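Notes follow the structure.
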Amino acid sequence: MGFFSKIKNLWKSDAQETTEKPEIKDKPSPATPDAQEQEWQAALKQSLAAAEPRLSVWLDHLLQGVDSKGELLWQRLYFFFDALEIPREEAEDFVARFSKWLDDMGYTDLEEFRSELQYRLALALDLEDEEDEKSRLFIKLSHGLSKTKAQLSRQIDQLLSSSTSFDEAFWEELEEILIMSDVGHKAATELVQKLRTEVSGQSVDDPQEFKQLLGKELAAFFPRPQKRIKPDPPEVILMIGVNGVGKTTTIAKLAHRDRMKGRRVMIAAGDTFRAAAIEQLGIWAERADAEFYAKSHGADPASVAYEALDKAVAEGTDVLYVDTAGRLHTKSDLMQELKKMKSVMQKKRPGSPHRTILVLDATTGQNAMSQTELFAREINIDEIILTKLDGTAKGGVMVAIALQHQIPITFIGLGEKMEDLRPFEPESFARALLG
């Protein structure tokens, strides 16, 4: 059923659905609340009864007077779940997993785990698209893109302030700024051509209006993910990418997202050429609360994929992530290995792998373009995830990759925490990039 499946539809806004607000039951907490407890409980229930969900507001009420993990926090969470009529078993499962995660991470103080708690609740309640959550993500995205923004946005601002018209010199300098920001020559040229047409005959009266137009055209370069018919479980996802791009942690973060949505997840260690890779992936699988399948160092990766899929089918797994090696110094061997893995999974379960995701490191700039070309020549890529966007001034390479290969970018990595892998939205990216 998944976490909190009973209430998720309450937050949908389709026109066909009723506008009736959810009924919030006034259930007593196990202990008689004192005046302070009654105050936050009343405030929380009032917020819950509002027409639109506001997770950050709910959390403010829930965490009033809480400064660390412990019994008070658990009682507050249970009251919150009771108010939403979440089955006790599901609530206890959520609390138990979160408590274990806190113990594993060694976190005690609220400031250490508040953002993770909000992230887990957003996924469990299916509220990631709620406005407060989108605003929180935009702030994180803006912070993550600060280095790229400092280079690109500042130079564009300077160009706009020093120009009186959209003359040839203006367009040449704008194109150079875009190229130097790793947007790429092709993307920069196309972007400038589109903007020339849009502002033909105008003067530089409103720099902010021009930047909004630039952001709109920038966002239009990114292809949107195709709507897919969800396959019968398990959904098989093949993860590819060179060593060092953050593939292992990305798999764990994806698995964590799925677990928070109530899905059963398995991770298969298909990189058998490095014993350390198997061990590391096992550690991350445990952190993500996912099943882990591995064979010994040096085993045939295709057999790992086949046997993991067999086990996933038998155990009723919802999602299977299959890791792969990323040894660029043996490119032909690597590509043949990937093709073999896909072939054996296809034989075991027609249609699998259902998605192949390429993981790239944003800090490598144009090298990420080269890696995309390398893999795309040999294997069909359905999606791209770009990691380490928070530590680079080369975020513009996303535009070049999207335009050149027309492969949707579905997630971006904005930090090391589980919550730092976030869905990619082109409009938010352009707005955060240009200010």
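Just remember, in the structure tokens the first chain shown is A, the second B, etc., residues are 1-based per chain, and ligands are 1-based in the order shown.
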Report task. Skip Gly316 of chain A itself and residues of its chain fewer than 2 positions away, then list as number ranges by chain all residues within 8 Å of it, counting only C-alpha atoms. Result -> A: 233-234, 264, 312-314, 318
Selection from above, C-alpha atoms, as an mmCIF file, in the first residue's frame, can you write it?
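Here's the written file out_27.cif:
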```
data_model
loop_
_atom_site.group_PDB
_atom_site.id
_atom_site.type_symbol
_atom_site.label_atom_id
_atom_site.label_comp_id
_atom_site.auth_asym_id
_atom_site.auth_seq_id
_atom_site.Cartn_x
_atom_site.Cartn_y
_atom_site.Cartn_z
ATOM 1 C CA PRO A 233 6.880 -5.071 -10.661
ATOM 2 C CA PRO A 234 9.706 -5.211 -10.363
ATOM 3 C CA ARG A 264 10.103 -2.489 -1.721
ATOM 4 C CA ALA A 312 13.344 -9.606 -7.009
ATOM 5 C CA VAL A 313 10.520 -11.329 -8.893
ATOM 6 C CA ALA A 314 10.294 -14.098 -6.310
ATOM 7 C CA ASP A 318 8.777 -3.140 -6.546
#
```
Query - Distance query Glu111 of chain A at most 9 Å, only C-alpha atoms, self and fewer than 3 positions along chain excluded, as JSON, numbers by chain - result: {"A": [67, 68, 108, 114, 115]}
Requested in this report: Please give the complete set of residues from segment 135-360 of chain A that DSSP, run on the backbone, assigns to alpha helix (DSSP H), formatted as a count of residues only.
Outcome: 128
Report task. Compile the contact shell of segment 257-259 of chain A as a ChimeraX atom specification: residues with an atom at most 12 Å away, counting only C-alpha atoms, same-chain residues fewer than 3 positions apart removed. Result -> /A:1-3,93-94,97-98,116,119-124,126,128,235,250-254,262-267,285-291,317-321,411,418-423
Determine which residues of segment 378-416 of chain A DSSP labels as strand (DSSP E) from the backbone of this structure, then write them out as a PDB file with C-alpha atoms, in the first residue's frame.
```
ATOM      1  CA  GLU A 383      17.451   9.669 -18.361  1.00  0.00           C
ATOM      2  CA  ILE A 384      20.384  11.608 -16.968  1.00  0.00           C
ATOM      3  CA  ILE A 385      21.113  12.479 -13.349  1.00  0.00           C
ATOM      4  CA  LEU A 386      23.643  15.248 -12.779  1.00  0.00           C
ATOM      5  CA  THR A 387      25.481  15.109  -9.437  1.00  0.00           C
ATOM      6  CA  ILE A 409      17.556  15.274 -16.949  1.00  0.00           C
ATOM      7  CA  THR A 410      15.347  13.901 -14.196  1.00  0.00           C
ATOM      8  CA  PHE A 411      17.295  14.520 -10.971  1.00  0.00           C
ATOM      9  CA  ILE A 412      20.114  16.743  -9.762  1.00  0.00           C
ATOM     10  CA  GLY A 413      22.444  16.272  -6.819  1.00  0.00           C
TER      11      GLY A 413
END
```
Query raised in the report: Out of A:Val359, A:Ala432, A:Val57, A:Leu48, which residue has the shortest atom-to-atom distance to Val245 of chain A when counting only C-alpha atoms?
Result: A:Val359
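When only C-alpha atoms are used to compute distances to Thr392 of chain A, the closest of the residues A:Val66, A:Leu72, A:Met341, A:Ala150 turns out to be A:Ala150.
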Report task. Figure out the distance between atom CA of Arg431 of chain A and atom CA of Gly215 of chain A, please, to one decimal in Å. Result ->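 So the two atoms, atom CA of Gly215 of chain A and atom CA of Arg431 of chain A, lie 6.2 Å apart.
Comparing the minimum interatomic distances between Phe222 of chain A and each of A:Gln404, A:Gln208, A:Ser296, A:Gln38, counting only C-alpha atoms, we find that A:Gln404 sits nearest.
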Query - Pairwise distance for atom CA of Leu309 of chain A and atom CA of Leu125 of chain A, rounded to one decimal in Å - result: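 So the two atoms, atom CA of Leu309 of chain A and atom CA of Leu125 of chain A, lie 29.3 Å apart.
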Query - Contact residues around Ala187 of chain A with only C-alpha atoms at 10 Å, ignoring same-chain residues under 4 positions, as a ChimeraX atom specification - result: /A:175,178-179,182-183,191-193,218,221,396-397,399-404
Query raised in the report: Quick one: residues within 9 Å of Ala268 of chain A, only C-alpha atoms counted, chain neighbours fewer than 3 positions away excluded, as a PyMOL selection string?
Result: chain A and resi 271+281+291-294+304-305+308-309+320-324
Take the selection from the previous step and output its residues with N, CA and C atoms, as a compact mmCIF listing (two decimals), in the first residue's frame.
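Dumped to part-v6.txt:
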```
# COMPACT_ATOMS: atom_id res chain seq x y z
N ASP A 271 28.85 -4.02 -10.29
CA ASP A 271 30.27 -3.69 -10.45
C ASP A 271 31.07 -4.68 -9.62
N LEU A 281 28.58 -0.26 -1.77
CA LEU A 281 27.17 -0.27 -2.17
C LEU A 281 26.31 -0.97 -1.12
N GLU A 291 16.92 -3.92 0.14
CA GLU A 291 17.52 -5.25 0.03
C GLU A 291 18.78 -5.14 -0.82
N PHE A 292 19.74 -6.02 -0.58
CA PHE A 292 21.00 -5.95 -1.31
C PHE A 292 21.35 -7.33 -1.85
N TYR A 293 21.70 -7.36 -3.14
CA TYR A 293 22.12 -8.62 -3.74
C TYR A 293 23.52 -8.45 -4.33
N ALA A 294 24.43 -9.35 -3.97
CA ALA A 294 25.80 -9.29 -4.48
C ALA A 294 26.38 -10.69 -4.57
N VAL A 304 25.02 -11.57 -12.05
CA VAL A 304 24.51 -10.81 -10.90
C VAL A 304 23.16 -10.19 -11.26
N ALA A 305 23.09 -9.56 -12.43
CA ALA A 305 21.85 -8.91 -12.87
C ALA A 305 20.73 -9.93 -13.01
N ALA A 308 19.74 -11.37 -9.51
CA ALA A 308 19.06 -10.34 -8.72
C ALA A 308 17.63 -10.16 -9.20
N LEU A 309 17.44 -10.15 -10.52
CA LEU A 309 16.10 -10.01 -11.08
C LEU A 309 15.23 -11.21 -10.71
N LEU A 320 14.03 -2.60 -8.75
CA LEU A 320 15.37 -3.18 -8.70
C LEU A 320 16.35 -2.24 -9.39
N TYR A 321 17.34 -1.75 -8.64
CA TYR A 321 18.42 -0.93 -9.20
C TYR A 321 19.63 -1.83 -9.43
N VAL A 322 20.16 -1.81 -10.65
CA VAL A 322 21.32 -2.62 -10.99
C VAL A 322 22.51 -1.70 -11.24
N ASP A 323 23.50 -1.78 -10.37
CA ASP A 323 24.72 -0.99 -10.52
C ASP A 323 25.60 -1.64 -11.60
N THR A 324 26.47 -0.84 -12.19
CA THR A 324 27.39 -1.33 -13.22
C THR A 324 28.77 -0.75 -13.00
```
